[in-house]
Each structure stands twice: as structure tokens, then as C-alpha cells.
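Undergrad: File query_23.pdb follows (PDB, C-alpha atoms, pLDDT in the B column):
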ATOM      1  CA  ALA J 195      -5.074   4.920  -2.024  1.00 53.00           C
ATOM      2  CA  ASP J 196      -6.863   5.564   1.226  1.00 50.00           C
ATOM      3  CA  ALA J 197     -10.576   6.012   1.761  1.00 50.00           C
ATOM      4  CA  HIS J 198     -10.061   8.432   4.645  1.00 64.00           C
ATOM      5  CA  ALA J 199      -9.027  11.938   3.596  1.00 73.00           C
ATOM      6  CA  VAL J 200      -7.328  12.731   6.919  1.00 79.00           C
ATOM      7  CA  ALA J 201      -5.216   9.556   6.842  1.00 77.00           C
ATOM      8  CA  ARG J 202      -4.376  10.157   3.184  1.00 77.00           C
ATOM      9  CA  GLN J 203      -3.285  13.740   3.902  1.00 85.00           C
ATOM     10  CA  ALA J 204      -1.116  12.593   6.825  1.00 85.00           C
ATOM     11  CA  LEU J 205       0.678  10.208   4.462  1.00 86.00           C
ATOM     12  CA  VAL J 206       1.069  12.917   1.825  1.00 89.00           C
ATOM     13  CA  ASP J 207       2.584  15.228   4.448  1.00 89.00           C
ATOM     14  CA  ALA J 208       4.991  12.528   5.663  1.00 90.00           C
ATOM     15  CA  PHE J 209       6.066  11.630   2.116  1.00 90.00           C
ATOM     16  CA  THR J 210       6.484  15.275   1.110  1.00 87.00           C
ATOM     17  CA  GLN J 211       8.594  16.048   4.184  1.00 86.00           C
ATOM     18  CA  ASP J 212      10.860  13.161   3.200  1.00 86.00           C
ATOM     19  CA  SER J 213      11.095  14.332  -0.443  1.00 85.00           C
ATOM     20  CA  LEU J 214       9.148  11.402  -1.881  1.00 88.00           C
ATOM     21  CA  GLN J 215       7.279  12.239  -5.077  1.00 90.00           C
ATOM     22  CA  ILE J 216       3.546  11.536  -4.999  1.00 92.00           C
ATOM     23  CA  ALA J 217       2.194  10.528  -8.409  1.00 91.00           C
ATOM     24  CA  GLY J 218      -1.463  10.536  -7.391  1.00 92.00           C
ATOM     25  CA  GLN J 219      -4.055  10.045  -4.670  1.00 89.00           C
ATOM     26  CA  ALA J 220      -7.177   7.904  -4.702  1.00 89.00           C
ATOM     27  CA  SER J 221     -10.175   7.706  -2.395  1.00 87.00           C
ATOM     28  CA  SER J 222     -11.714   4.595  -3.963  1.00 89.00           C
ATOM     29  CA  SER J 223     -10.457   1.285  -5.278  1.00 90.00           C
ATOM     30  CA  GLU J 224     -11.691   2.091  -8.795  1.00 91.00           C
ATOM     31  CA  GLU J 225      -9.757   5.358  -8.746  1.00 93.00           C
ATOM     32  CA  ALA J 226      -6.676   3.582  -7.342  1.00 93.00           C
ATOM     33  CA  LEU J 227      -6.694   1.058 -10.183  1.00 95.00           C
ATOM     34  CA  GLU J 228      -7.239   3.779 -12.810  1.00 96.00           C
ATOM     35  CA  LEU J 229      -4.325   5.815 -11.412  1.00 96.00           C
ATOM     36  CA  ALA J 230      -2.038   2.787 -11.247  1.00 97.00           C
ATOM     37  CA  ILE J 231      -2.800   1.992 -14.900  1.00 97.00           C
ATOM     38  CA  ARG J 232      -2.351   5.590 -16.045  1.00 97.00           C
ATOM     39  CA  LEU J 233       0.634   6.619 -13.909  1.00 97.00           C
ATOM     40  CA  LEU J 234       2.525   3.312 -13.475  1.00 97.00           C
ATOM     41  CA  PRO J 235       4.035   4.300 -10.111  1.00 97.00           C
ATOM     42  CA  ASP J 236       7.020   2.524  -8.584  1.00 96.00           C
ATOM     43  CA  VAL J 237       5.169   1.995  -5.286  1.00 96.00           C
ATOM     44  CA  VAL J 238       1.460   1.995  -4.410  1.00 96.00           C
ATOM     45  CA  VAL J 239       0.278   2.519  -0.831  1.00 95.00           C
ATOM     46  CA  MET J 240      -3.102   0.760  -0.611  1.00 93.00           C
ATOM     47  CA  ASP J 241      -5.769   0.892   2.091  1.00 91.00           C
ATOM     48  CA  SER J 242      -6.985  -2.650   2.756  1.00 88.00           C
ATOM     49  CA  CYS J 243     -10.573  -1.477   3.190  1.00 82.00           C
ATOM     50  CA  MET J 244     -11.891   0.861   0.520  1.00 77.00           C
ATOM     51  CA  PRO J 245     -15.551   1.996   0.404  1.00 71.00           C
ATOM     52  CA  ASP J 246     -16.364   0.509  -3.001  1.00 71.00           C
ATOM     53  CA  CYS J 247     -14.211  -2.627  -3.026  1.00 74.00           C
ATOM     54  CA  ASP J 248     -11.715  -4.575  -0.974  1.00 85.00           C
ATOM     55  CA  GLY J 249      -8.284  -2.946  -1.377  1.00 88.00           C
ATOM     56  CA  ILE J 250      -6.716  -6.396  -1.437  1.00 92.00           C
ATOM     57  CA  ILE J 251      -8.677  -7.245  -4.597  1.00 93.00           C
ATOM     58  CA  VAL J 252      -7.230  -4.105  -6.208  1.00 95.00           C
ATOM     59  CA  THR J 253      -3.767  -5.084  -4.959  1.00 96.00           C
ATOM     60  CA  ARG J 254      -4.134  -8.446  -6.711  1.00 96.00           C
ATOM     61  CA  GLU J 255      -5.291  -6.757  -9.939  1.00 97.00           C
ATOM     62  CA  ILE J 256      -2.470  -4.195  -9.956  1.00 97.00           C
ATOM     63  CA  HIS J 257       0.046  -6.987  -9.391  1.00 97.00           C
ATOM     64  CA  ARG J 258      -1.513  -9.083 -12.180  1.00 97.00           C
ATOM     65  CA  LEU J 259      -1.266  -6.198 -14.650  1.00 98.00           C
ATOM     66  CA  TYR J 260       2.059  -4.743 -13.484  1.00 98.00           C
ATOM     67  CA  PRO J 261       4.012  -7.254 -11.387  1.00 97.00           C
ATOM     68  CA  TRP J 262       6.944  -4.850 -11.017  1.00 96.00           C
ATOM     69  CA  ILE J 263       4.885  -2.282  -9.063  1.00 97.00           C
ATOM     70  CA  LYS J 264       5.537  -2.626  -5.325  1.00 96.00           C
ATOM     71  CA  ILE J 265       2.421  -2.437  -3.154  1.00 96.00           C
ATOM     72  CA  LEU J 266       2.319  -1.576   0.537  1.00 95.00           C
ATOM     73  CA  VAL J 267      -1.012  -2.460   2.161  1.00 94.00           C
ATOM     74  CA  LEU J 268      -2.065  -0.356   5.159  1.00 91.00           C
ATOM     75  CA  THR J 269      -4.849  -1.370   7.530  1.00 87.00           C
ATOM     76  CA  TYR J 270      -6.335  -0.703  10.948  1.00 84.00           C
ATOM     77  CA  SER J 271      -6.799  -4.435  11.499  1.00 78.00           C
ATOM     78  CA  GLU J 272      -4.315  -6.694  13.254  1.00 79.00           C
ATOM     79  CA  GLU J 273      -6.128  -9.792  11.976  1.00 77.00           C
ATOM     80  CA  THR J 274      -3.693 -12.408  10.730  1.00 78.00           C
ATOM     81  CA  GLU J 275      -6.165 -13.455   8.019  1.00 82.00           C
ATOM     82  CA  LEU J 276      -6.025  -9.984   6.482  1.00 83.00           C
ATOM     83  CA  MET J 277      -2.236 -10.086   6.546  1.00 83.00           C
ATOM     84  CA  TRP J 278      -2.270 -13.482   4.812  1.00 84.00           C
ATOM     85  CA  ARG J 279      -4.739 -12.236   2.189  1.00 87.00           C
ATOM     86  CA  SER J 280      -2.489  -9.243   1.504  1.00 88.00           C
ATOM     87  CA  LEU J 281       0.528 -11.468   0.948  1.00 85.00           C
ATOM     88  CA  GLU J 282      -1.472 -13.918  -1.165  1.00 90.00           C
ATOM     89  CA  ALA J 283      -2.546 -10.949  -3.312  1.00 93.00           C
ATOM     90  CA  GLU J 284       1.181 -10.277  -3.849  1.00 92.00           C
ATOM     91  CA  ALA J 285       1.429  -7.189  -1.657  1.00 93.00           C
ATOM     92  CA  SER J 286       5.093  -6.342  -1.190  1.00 93.00           C
ATOM     93  CA  ASP J 287       4.563  -5.487   2.467  1.00 92.00           C
ATOM     94  CA  TYR J 288       1.869  -4.876   5.059  1.00 90.00           C
ATOM     95  CA  LEU J 289       1.751  -2.323   7.887  1.00 91.00           C
ATOM     96  CA  LEU J 290      -0.806  -1.163  10.400  1.00 90.00           C
ATOM     97  CA  LYS J 291      -2.089   2.386   9.962  1.00 87.00           C
ATOM     98  CA  SER J 292      -0.933   3.004  13.526  1.00 89.00           C
ATOM     99  CA  THR J 293       2.666   2.545  12.341  1.00 90.00           C
ATOM    100  CA  PRO J 294       4.642   5.768  12.884  1.00 91.00           C
ATOM    101  CA  PRO J 295       4.789   7.867   9.685  1.00 90.00           C
ATOM    102  CA  LYS J 296       8.605   7.695   9.603  1.00 91.00           C
ATOM    103  CA  GLU J 297       8.434   3.894   9.461  1.00 92.00           C
ATOM    104  CA  ILE J 298       5.842   3.997   6.669  1.00 93.00           C
ATOM    105  CA  VAL J 299       8.073   6.412   4.724  1.00 94.00           C
ATOM    106  CA  SER J 300      11.083   4.179   5.374  1.00 93.00           C
ATOM    107  CA  THR J 301       9.162   1.125   4.152  1.00 93.00           C
ATOM    108  CA  VAL J 302       8.049   2.907   0.962  1.00 95.00           C
ATOM    109  CA  ARG J 303      11.603   4.079   0.331  1.00 94.00           C
ATOM    110  CA  GLY J 304      12.855   0.533   0.933  1.00 94.00           C
ATOM    111  CA  LEU J 305      10.310  -0.910  -1.499  1.00 94.00           C
ATOM    112  CA  TYR J 306      11.391   1.631  -4.098  1.00 94.00           C
ATOM    113  CA  HIS J 307      14.985   0.459  -3.661  1.00 93.00           C
ATOM    114  CA  GLY J 308      14.026  -3.204  -3.853  1.00 89.00           C
ATOM    115  CA  VAL J 309      13.997  -4.075  -0.154  1.00 83.00           C
ATOM    116  CA  ILE J 310      10.987  -6.331   0.208  1.00 73.00           C
ATOM    117  CA  ARG J 311      10.237  -7.870   3.577  1.00 68.00           C
ATOM    118  CA  LYS J 312       7.194  -9.663   2.124  1.00 57.00           C
ATOM    119  CA  LYS J 313       7.171 -12.540   4.596  1.00 57.00           C
ATOM    120  CA  PRO J 314       7.305 -11.191   8.145  1.00 55.00           C
ATOM    121  CA  GLN J 315       8.246 -13.448  11.038  1.00 51.00           C
ATOM    122  CA  TRP J 316       4.618 -14.343  11.846  1.00 50.00           C
ATOM    123  CA  TYR J 317       4.324 -15.790   8.319  1.00 52.00           C
ATOM    124  CA  TYR J 318       6.494 -18.738   9.342  1.00 49.00           C
ATOM    125  CA  SER J 319       4.664 -19.441  12.626  1.00 49.00           C
TER
END
Starting from the file, give its structure as C-alpha cells.
TA:
Amino acid sequence: ADAHAVARQALVDAFTQDSLQIAGQASSSEEALELAIRLLPDVVVMDSCMPDCDGIIVTREIHRLYPWIKILVLTYSEETELMWRSLEAEASDYLLKSTPPKEIVSTVRGLYHGVIRKKPQWYYS
């Protein structure tokens, strides 16, 4: 789920080039939650800042309903507070949107296979 169509399409292109199946796309938090409930994906890629609601709130709700779904939160912000909120909402991982597409794809693939970083080094500082 990403509020920005260009960013969302860039992710779709990166995932498609790496043969990852895309179950759905959302441009709002409401749509993201509806798709997660209907499609039950293995991994959700969530924008932290959606136009209608905080993406972290949706992350928390998806995790509450379906704790087995892995959720990768993407954001433009390097604020530590946002990273903490993502982890407290049970996001499986957190990356900046400036992360190279190959690394985002690799992280999604890792989450699918059960590799969860969850608590990055800064978490323990």
C-alpha cells in the first residue's frame, strides 16, 4: 500500500522483475486493510503515511487480525520515533523509501521465507 502512484508502480516493477507475485495494490489505508482481509497475502508492503490514515495504525490492525502476515513499512522519514512506532505496531521490518529497489525486493523475499530482522541495531541503542 502506497499513497503515491509513482512509488507504488516502481515497487510493482521491481517485484515483477524479480518474479514476486503481487496480490493487490492500495492507495489508501482503508483499501489496504480491505485487501489484506480479502486476499490474506504472505507479505504486505505498507506506506507509513497514507492520505486517509496513518499506515502504522493499519499495520497494527492487520497484525491484530492476521499475526502471521509479515508487514514491511516503508517511509521517507528517518525519524527514530516512526521506526519505534512501526516496531511497536508489530511491523516485521522497516525501510526508507530511498532504499534501493533490489534491497526492498530482497527484504520482502526474506520476510516471505521467515527472515525477520525486526529489531535493527539502533533498537538496542
Undergrad: Let me know the residues the PyMOL selection byres ((chain J and resi 287) around 10) catches in the file above, as an mmCIF file with C-alpha atoms, in the coordinates of the input.
TA:
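The resulting selection.cif:
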data_model
loop_
_atom_site.group_PDB
_atom_site.id
_atom_site.type_symbol
_atom_site.label_atom_id
_atom_site.label_comp_id
_atom_site.auth_asym_id
_atom_site.auth_seq_id
_atom_site.Cartn_x
_atom_site.Cartn_y
_atom_site.Cartn_z
ATOM 1 C CA VAL J 239 0.278 2.519 -0.831
ATOM 2 C CA LYS J 264 5.537 -2.626 -5.325
ATOM 3 C CA ILE J 265 2.421 -2.437 -3.154
ATOM 4 C CA LEU J 266 2.319 -1.576 0.537
ATOM 5 C CA VAL J 267 -1.012 -2.460 2.161
ATOM 6 C CA LEU J 268 -2.065 -0.356 5.159
ATOM 7 C CA MET J 277 -2.236 -10.086 6.546
ATOM 8 C CA SER J 280 -2.489 -9.243 1.504
ATOM 9 C CA LEU J 281 0.528 -11.468 0.948
ATOM 10 C CA GLU J 284 1.181 -10.277 -3.849
ATOM 11 C CA ALA J 285 1.429 -7.189 -1.657
ATOM 12 C CA SER J 286 5.093 -6.342 -1.190
ATOM 13 C CA TYR J 288 1.869 -4.876 5.059
ATOM 14 C CA LEU J 289 1.751 -2.323 7.887
ATOM 15 C CA THR J 301 9.162 1.125 4.152
ATOM 16 C CA VAL J 302 8.049 2.907 0.962
ATOM 17 C CA LEU J 305 10.310 -0.910 -1.499
ATOM 18 C CA VAL J 309 13.997 -4.075 -0.154
ATOM 19 C CA ILE J 310 10.987 -6.331 0.208
ATOM 20 C CA ARG J 311 10.237 -7.870 3.577
ATOM 21 C CA LYS J 312 7.194 -9.663 2.124
ATOM 22 C CA LYS J 313 7.171 -12.540 4.596
ATOM 23 C CA PRO J 314 7.305 -11.191 8.145
#
Undergrad: Please expand the PyMOL selection byres ((chain J and resi 259) around 12) into the concrete residues it hits in this file, giving the result as an NGL selection string.
TA: :J and (227-228 or 230-232 or 234 or 252-258 or 260-263 or 284)
Undergrad: Using all atoms listed in the file, can you tell me which of J:Leu233, J:Val206, J:Ala283, J:Leu214 comes closest to Asp248 of chain J?
TA: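 Smallest distance to Asp248 of chain J is found for J:Ala283.
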Undergrad: Between atom CA of Ile216 of chain J and atom CA of Trp278 of chain J, what is the distance in Å, rounded to a tenth?
TA: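 Between these atoms lies a distance of 27.5 Å.
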Undergrad: So, counting all atoms listed in the file, which residue among J:Val237, J:Asp246, J:Glu273, J:Pro295 is closest to Arg202 of chain J?
TA: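 Using all atoms listed in the file, the shortest distance to Arg202 of chain J belongs to J:Pro295.
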Undergrad: My list of candidates is J:Ser242, J:Gly249, J:Ser221, J:Glu297. Which is closest to Glu272 of chain J when distances are computed with all atoms listed in the file?
TA: J:Ser242
Undergrad: At what distance in Å, to one decimal, does atom CA of Leu290 of chain J lie from atom CA of Thr269 of chain J?
TA: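 We find that atom CA of Thr269 of chain J and atom CA of Leu290 of chain J lie 5.0 Å from each other.
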Undergrad: Find the residue from J:Ser292, J:Asp212, J:Arg303, J:Ala199 that sits nearest to Met244 of chain J; use only C-alpha atoms when measuring.
TA: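 Checking each of J:Ser292, J:Asp212, J:Arg303, J:Ala199 against Met244 of chain J, counting only C-alpha atoms, the winner is J:Ala199.
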